[in-house]
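Peer 1: Can you keep this structure in mind? I'll have questions shortly.
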Amino acid sequence: MKKLGLYLHIPFCRSKCLYCDFCSFPRPARETVEAYTAALCREIAEWGRSCREYTVDTLYIGGGTPTLLPLPQMEAILDAVRTAFSLSPDAEITAECNPRTGGEDYFRPLRTLGFNRLSIGLQSAHANELKALGRAHTLADFQRTWEEAHRAGFSNLSADVMLGIPQQTPESYLETLHALLSLSPSHVSAYCLTVEDETPFGRMRDRLPLPDEDAVRSSYLAGAELLEKHGILQYEISNFASPGYESRHNLKYWSCEEYLGLGPAAYSDFGGRRFGNSRNLHAYLDGESILAESEAPSPDERLQEYVMLRLRLSEGISEKAFADRFGTSFSSRFGAALEPYLKAGLAKRTEEGYALTREGMLVSNTILSDLLEFA
Ligand code: SF4
């Protein structure tokens, strides 16, 4: 059986954060949540028919805030997945969660349903930074949610933190990590804030007190060092884990494996095609197709995508795996373009091939666009 990652999007949140460009709608009515669950279960059933030769070995319910869904809806979704797909008994099953949703009475049944991993949004431990982001919780809310999840039997817990928040300093970022480390996370995602045009942050871009590039760079480097000192090792530009706790689902994206994304704004790479749904929630609820984009990448586009995604990983690119996959040598195609970055200490040779250094990861966009343009 071939392996498949399945992503299900839940587009609802308690309120909308000021920087948020995800497909999420605040304060949904109960009827909307019920209608959405029914529509998602329909899409799951339809896709299950095309996936008979696959086993789902990672299931990721993201959003939005999936833990805003009442338990009967979560149960209906899991039942739909189990009915339509072959779900591996040792599948990694993750739900994203935000503080002030869930609770021990919610997490226990979730564990019984088969969820074995939660990813909880903290972003910052500081009240001023959370307020600047428009987050609807405090550090204490996050700690309570975390401890309740732990008591309910979740040992694989991940937290999201953010760099580049308005008013953030390298010191305040490290304090956030210290607050998190006191809870012994097995996984930490640390993404840089991106100011997107179609958000309140985008509209106040010039007035945002954002930290400058040097401050973000120091935060990133010092933060990675601190996490590694606590045994939480970097395995991707923005992701850190205790050994064995790397996100199996997200590793599929960076390793160019097949995945299916269902729900509005979800993307798929399946059966040789990349395709995505639009954000049109109303059409989705009405049972209309919301397929927005679909393409069959050429072999060279696949090769370029592989280089872009694999170089996000600390492990980098293995010469052998590359040659096996594409029938050509990585160094003969990219070696010359990579040379200046090797000399500058932004890329390095590994036992198996090449990887970016941590300094290189900070400027990965520049390196990757250079590599792909000139190679
Ligand atoms: S909790 Fe996440 S998905 Fe929801 S509004 Fe905030 S950033 Fe967006």
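Naming scheme: A, B, ... for chains in displayed order of the structure tokens; residues 1 onward per chain; ligands 1 onward as shown.
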When you look at Ser332 in chain A with a cut-off of 12 Å (counting only C-alpha atoms), what residues show up, excluding the ones that are within fewer than 5 positions of it in the same chain? I need them as a ChimeraX atom specification.

Peer 2: /A:319,322-323,327,337-339,375

Peer 1: Please save N, CA and C atoms of the selected residues as an mmCIF file, in the first residue's frame.

Peer 2:
data_model
loop_
_atom_site.group_PDB
_atom_site.id
_atom_site.type_symbol
_atom_site.label_atom_id
_atom_site.label_comp_id
_atom_site.auth_asym_id
_atom_site.auth_seq_id
_atom_site.Cartn_x
_atom_site.Cartn_y
_atom_site.Cartn_z
ATOM 1 N N GLU A 319 22.978 13.008 -1.913
ATOM 2 C CA GLU A 319 23.354 12.823 -3.327
ATOM 3 C C GLU A 319 22.704 11.560 -3.885
ATOM 4 N N PHE A 322 18.917 11.781 -4.258
ATOM 5 C CA PHE A 322 18.622 12.677 -5.385
ATOM 6 C C PHE A 322 18.817 11.947 -6.716
ATOM 7 N N ALA A 323 19.958 11.240 -6.813
ATOM 8 C CA ALA A 323 20.253 10.512 -8.063
ATOM 9 C C ALA A 323 19.211 9.415 -8.289
ATOM 10 N N GLY A 327 17.627 10.590 -11.424
ATOM 11 C CA GLY A 327 18.530 10.038 -12.443
ATOM 12 C C GLY A 327 19.607 11.007 -12.869
ATOM 13 N N ALA A 337 26.649 26.568 -8.461
ATOM 14 C CA ALA A 337 25.821 27.649 -7.899
ATOM 15 C C ALA A 337 25.909 27.663 -6.371
ATOM 16 N N LEU A 338 26.191 26.499 -5.790
ATOM 17 C CA LEU A 338 26.240 26.403 -4.329
ATOM 18 C C LEU A 338 27.598 26.850 -3.777
ATOM 19 N N GLU A 339 28.610 26.818 -4.651
ATOM 20 C CA GLU A 339 29.988 27.067 -4.214
ATOM 21 C C GLU A 339 30.151 28.352 -3.377
ATOM 22 N N ALA A 375 21.220 27.349 -11.876
ATOM 23 C CA ALA A 375 21.650 25.954 -12.102
ATOM 24 C C ALA A 375 20.998 25.367 -13.350
#

Peer 1: Show me which residues are within 9 Å of ligand 1 counting only C-alpha atoms and all ligand atoms, and format the list as a ChimeraX atom specification.

Peer 2: /A:11-26,62-65,97-98,121,133-136

Peer 1: For the structure I just gave you, how does DSSP split range 211-320 of chain A - specifically, which residues are alpha helix (DSSP H)? Reply as an NGL selection string.

Peer 2: :A and (213-229 or 248-254 or 281-285 or 299-310 or 319-320)

Peer 1: Give me, as a VMD selection string, all polymer residues having an atom no more than 12 Å from Leu180 in chain A, counting only C-alpha atoms and skipping those fewer than 6 positions away in the same chain.

Peer 2: chain A and resid 120 to 126 139 to 140 142 to 143 146 to 147 157 to 161 173 to 174 186 to 190 223 226 to 227 230 232

Peer 1: Can those selected residues be exported to a file as a PDB file, in the first residue's frame so that it contains N, CA and C atoms?

Peer 2:
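Produced file part.pdb, reproduced below:
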ATOM      1  N   ILE A 120      -0.285  23.317  19.885  1.00  0.00           N
ATOM      2  CA  ILE A 120      -1.006  24.403  20.570  1.00  0.00           C
ATOM      3  C   ILE A 120      -0.318  25.748  20.306  1.00  0.00           C
ATOM      4  N   GLY A 121      -1.106  26.760  19.979  1.00  0.00           N
ATOM      5  CA  GLY A 121      -0.562  28.079  19.627  1.00  0.00           C
ATOM      6  C   GLY A 121      -0.292  28.920  20.863  1.00  0.00           C
ATOM      7  N   LEU A 122       0.987  29.254  21.062  1.00  0.00           N
ATOM      8  CA  LEU A 122       1.334  30.199  22.139  1.00  0.00           C
ATOM      9  C   LEU A 122       1.697  31.543  21.497  1.00  0.00           C
ATOM     10  N   GLN A 123       2.627  31.539  20.609  1.00  0.00           N
ATOM     11  CA  GLN A 123       3.178  32.707  19.888  1.00  0.00           C
ATOM     12  C   GLN A 123       4.074  33.551  20.780  1.00  0.00           C
ATOM     13  N   SER A 124       3.589  33.951  21.952  1.00  0.00           N
ATOM     14  CA  SER A 124       4.441  34.736  22.852  1.00  0.00           C
ATOM     15  C   SER A 124       3.968  34.524  24.281  1.00  0.00           C
ATOM     16  N   ALA A 125       4.931  34.676  25.226  1.00  0.00           N
ATOM     17  CA  ALA A 125       4.562  34.574  26.647  1.00  0.00           C
ATOM     18  C   ALA A 125       4.244  35.950  27.215  1.00  0.00           C
ATOM     19  N   HIS A 126       4.363  36.990  26.403  1.00  0.00           N
ATOM     20  CA  HIS A 126       4.236  38.367  26.913  1.00  0.00           C
ATOM     21  C   HIS A 126       2.887  38.982  26.560  1.00  0.00           C
ATOM     22  N   LEU A 139      -0.696  33.971  28.644  1.00  0.00           N
ATOM     23  CA  LEU A 139       0.234  32.858  28.899  1.00  0.00           C
ATOM     24  C   LEU A 139      -0.425  31.849  29.843  1.00  0.00           C
ATOM     25  N   ALA A 140      -1.135  32.353  30.864  1.00  0.00           N
ATOM     26  CA  ALA A 140      -1.772  31.449  31.835  1.00  0.00           C
ATOM     27  C   ALA A 140      -2.799  30.554  31.130  1.00  0.00           C
ATOM     28  N   PHE A 142      -2.641  29.523  28.069  1.00  0.00           N
ATOM     29  CA  PHE A 142      -1.860  28.515  27.333  1.00  0.00           C
ATOM     30  C   PHE A 142      -1.378  27.430  28.294  1.00  0.00           C
ATOM     31  N   GLN A 143      -0.832  27.855  29.453  1.00  0.00           N
ATOM     32  CA  GLN A 143      -0.300  26.861  30.413  1.00  0.00           C
ATOM     33  C   GLN A 143      -1.407  25.918  30.878  1.00  0.00           C
ATOM     34  N   TRP A 146      -2.256  23.495  28.084  1.00  0.00           N
ATOM     35  CA  TRP A 146      -1.145  22.542  27.941  1.00  0.00           C
ATOM     36  C   TRP A 146      -1.222  21.470  29.030  1.00  0.00           C
ATOM     37  N   GLU A 147      -1.397  21.931  30.288  1.00  0.00           N
ATOM     38  CA  GLU A 147      -1.410  20.974  31.403  1.00  0.00           C
ATOM     39  C   GLU A 147      -2.632  20.054  31.324  1.00  0.00           C
ATOM     40  N   LEU A 157       3.284  16.792  22.547  1.00  0.00           N
ATOM     41  CA  LEU A 157       2.692  18.131  22.487  1.00  0.00           C
ATOM     42  C   LEU A 157       3.667  19.094  21.819  1.00  0.00           C
ATOM     43  N   SER A 158       3.136  19.854  20.892  1.00  0.00           N
ATOM     44  CA  SER A 158       3.940  20.837  20.185  1.00  0.00           C
ATOM     45  C   SER A 158       3.396  22.230  20.485  1.00  0.00           C
ATOM     46  N   ALA A 159       4.282  23.211  20.475  1.00  0.00           N
ATOM     47  CA  ALA A 159       3.825  24.597  20.661  1.00  0.00           C
ATOM     48  C   ALA A 159       4.344  25.461  19.524  1.00  0.00           C
ATOM     49  N   ASP A 160       3.537  26.439  19.132  1.00  0.00           N
ATOM     50  CA  ASP A 160       3.969  27.423  18.128  1.00  0.00           C
ATOM     51  C   ASP A 160       4.392  28.696  18.832  1.00  0.00           C
ATOM     52  N   VAL A 161       5.560  29.204  18.474  1.00  0.00           N
ATOM     53  CA  VAL A 161       5.965  30.534  18.925  1.00  0.00           C
ATOM     54  C   VAL A 161       6.287  31.360  17.684  1.00  0.00           C
ATOM     55  N   TYR A 173      11.939  37.274  23.375  1.00  0.00           N
ATOM     56  CA  TYR A 173      11.736  36.003  22.661  1.00  0.00           C
ATOM     57  C   TYR A 173      12.312  34.841  23.476  1.00  0.00           C
ATOM     58  N   LEU A 174      13.497  35.054  24.041  1.00  0.00           N
ATOM     59  CA  LEU A 174      14.103  33.983  24.850  1.00  0.00           C
ATOM     60  C   LEU A 174      13.274  33.723  26.105  1.00  0.00           C
ATOM     61  N   SER A 186       7.741  18.522  23.438  1.00  0.00           N
ATOM     62  CA  SER A 186       8.521  17.585  22.629  1.00  0.00           C
ATOM     63  C   SER A 186       8.772  18.163  21.233  1.00  0.00           C
ATOM     64  N   HIS A 187       8.071  19.252  20.927  1.00  0.00           N
ATOM     65  CA  HIS A 187       8.207  19.835  19.585  1.00  0.00           C
ATOM     66  C   HIS A 187       7.894  21.331  19.660  1.00  0.00           C
ATOM     67  N   VAL A 188       8.684  22.128  18.949  1.00  0.00           N
ATOM     68  CA  VAL A 188       8.436  23.582  18.920  1.00  0.00           C
ATOM     69  C   VAL A 188       8.521  24.058  17.469  1.00  0.00           C
ATOM     70  N   SER A 189       7.515  24.811  17.036  1.00  0.00           N
ATOM     71  CA  SER A 189       7.581  25.481  15.731  1.00  0.00           C
ATOM     72  C   SER A 189       7.779  26.966  15.992  1.00  0.00           C
ATOM     73  N   ALA A 190       8.767  27.541  15.320  1.00  0.00           N
ATOM     74  CA  ALA A 190       9.088  28.962  15.552  1.00  0.00           C
ATOM     75  C   ALA A 190       9.121  29.676  14.206  1.00  0.00           C
ATOM     76  N   GLY A 223      17.638  31.572  19.966  1.00  0.00           N
ATOM     77  CA  GLY A 223      16.511  30.687  20.285  1.00  0.00           C
ATOM     78  C   GLY A 223      16.826  29.250  19.894  1.00  0.00           C
ATOM     79  N   LEU A 226      19.254  27.801  22.365  1.00  0.00           N
ATOM     80  CA  LEU A 226      18.616  27.491  23.657  1.00  0.00           C
ATOM     81  C   LEU A 226      17.801  26.194  23.572  1.00  0.00           C
ATOM     82  N   LEU A 227      17.030  26.063  22.502  1.00  0.00           N
ATOM     83  CA  LEU A 227      16.225  24.845  22.349  1.00  0.00           C
ATOM     84  C   LEU A 227      17.130  23.622  22.271  1.00  0.00           C
ATOM     85  N   HIS A 230      18.434  22.253  25.363  1.00  0.00           N
ATOM     86  CA  HIS A 230      17.435  21.468  26.110  1.00  0.00           C
ATOM     87  C   HIS A 230      17.035  20.192  25.362  1.00  0.00           C
ATOM     88  N   ILE A 232      16.072  19.848  22.282  1.00  0.00           N
ATOM     89  CA  ILE A 232      15.029  19.990  21.245  1.00  0.00           C
ATOM     90  C   ILE A 232      15.747  20.481  19.988  1.00  0.00           C
TER      91      ILE A 232
END

Peer 1: Applying 10 Å and only C-alpha atoms, which residues near Asp105 in chain A remain after dropping the ones on its own chain fewer than 5 positions away? List them as a list in words.

Peer 2: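 Here the qualifying residues turn out to be Leu71, Leu110, Glu148, Ala149 and Ala152 of chain A.
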
Peer 1: Would you mind reading off the distance between CA of Leu346 in chain A and CA of Met308 in chain A, one decimal, in Å?

Peer 2: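 Here the two named atoms are 15.1 Å from each other.
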
Peer 1: Mind listing the strand (DSSP E) residues of range 196-260 of chain A, per DSSP on the backbone, as an MDAnalysis selection string?

Peer 2: chainID A and resid 233:236 239:241 259:260

Peer 1: Could those residues be written to a file, using N, CA and C atoms, as a PDB file, in the first residue's frame?

Peer 2:
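Output file result_27.pdb is given in full below:
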ATOM      1  N   LEU A 233      15.980  19.548  19.101  1.00  0.00           N
ATOM      2  CA  LEU A 233      16.930  19.791  18.011  1.00  0.00           C
ATOM      3  C   LEU A 233      16.254  20.308  16.746  1.00  0.00           C
ATOM      4  N   GLN A 234      16.978  21.191  16.079  1.00  0.00           N
ATOM      5  CA  GLN A 234      16.430  21.745  14.833  1.00  0.00           C
ATOM      6  C   GLN A 234      16.427  20.662  13.752  1.00  0.00           C
ATOM      7  N   TYR A 235      15.270  20.487  13.091  1.00  0.00           N
ATOM      8  CA  TYR A 235      15.257  19.557  11.950  1.00  0.00           C
ATOM      9  C   TYR A 235      14.740  20.211  10.693  1.00  0.00           C
ATOM     10  N   GLU A 236      14.268  21.457  10.832  1.00  0.00           N
ATOM     11  CA  GLU A 236      13.795  22.210   9.670  1.00  0.00           C
ATOM     12  C   GLU A 236      13.979  23.687  10.004  1.00  0.00           C
ATOM     13  N   ASN A 239      11.470  24.440  12.653  1.00  0.00           N
ATOM     14  CA  ASN A 239      10.928  23.371  13.503  1.00  0.00           C
ATOM     15  C   ASN A 239      12.003  22.623  14.271  1.00  0.00           C
ATOM     16  N   PHE A 240      11.665  22.319  15.509  1.00  0.00           N
ATOM     17  CA  PHE A 240      12.592  21.717  16.469  1.00  0.00           C
ATOM     18  C   PHE A 240      11.851  20.598  17.193  1.00  0.00           C
ATOM     19  N   ALA A 241      12.591  19.514  17.497  1.00  0.00           N
ATOM     20  CA  ALA A 241      11.912  18.405  18.185  1.00  0.00           C
ATOM     21  C   ALA A 241      12.900  17.587  18.996  1.00  0.00           C
ATOM     22  N   TYR A 259       0.222  13.926  -0.413  1.00  0.00           N
ATOM     23  CA  TYR A 259      -0.734  14.308   0.627  1.00  0.00           C
ATOM     24  C   TYR A 259      -1.986  14.877  -0.030  1.00  0.00           C
ATOM     25  N   LEU A 260      -3.053  14.752   0.732  1.00  0.00           N
ATOM     26  CA  LEU A 260      -4.342  15.235   0.252  1.00  0.00           C
ATOM     27  C   LEU A 260      -4.849  16.240   1.274  1.00  0.00           C
TER      28      LEU A 260
END

Peer 1: From the list A:Glu104, A:Glu305, A:Pro99, A:Leu368, which residue is nearest Thr138 in chain A when using only C-alpha atoms?

Peer 2: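 Smallest separation from Thr138 in chain A among the options: A:Pro99.
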
Peer 1: Please identify all polymer residues within 10 Å of Arg52 in chain A, counting only C-alpha atoms, omitting same-chain residues fewer than 2 positions from it, and present them as a VMD selection string.

Peer 2: chain A and resid 1 to 2 47 to 50 54 to 55 84 to 86

Peer 1: Grab the CA of Arg312 in chain A to CA of Leu362 in chain A distance for me, in Å with one decimal place.

Peer 2: 10.4 Å

Peer 1: Find the spatial neighbours of His9 in chain A, counting only C-alpha atoms, within a cut-off of 7 Å - ignore same-chain residues fewer than 5 positions away - and output them as a ChimeraX atom specification.

Peer 2: /A:61-63,262-264,266

Peer 1: Write a file of the just-selected residues containing N, CA and C atoms, as a compact mmCIF listing (two decimals), in the first residue's frame.

Peer 2:
# COMPACT_ATOMS: atom_id res chain seq x y z
N ILE A 61 -5.37 17.61 11.50
CA ILE A 61 -6.56 18.47 11.44
C ILE A 61 -6.11 19.86 11.87
N GLY A 62 -6.08 20.77 10.90
CA GLY A 62 -5.53 22.11 11.15
C GLY A 62 -6.57 23.18 10.87
N GLY A 63 -6.14 24.42 11.06
CA GLY A 63 -7.13 25.48 10.86
C GLY A 63 -6.48 26.83 10.71
N LEU A 262 -8.16 18.52 2.40
CA LEU A 262 -9.60 18.68 2.16
C LEU A 262 -10.14 19.84 2.98
N GLY A 263 -11.18 20.49 2.41
CA GLY A 263 -11.73 21.69 3.04
C GLY A 263 -11.26 22.92 2.29
N PRO A 264 -11.89 24.09 2.55
CA PRO A 264 -11.50 25.31 1.85
C PRO A 264 -10.03 25.65 2.08
N ALA A 266 -7.40 24.25 1.23
CA ALA A 266 -6.46 23.14 1.47
C ALA A 266 -5.80 22.75 0.15
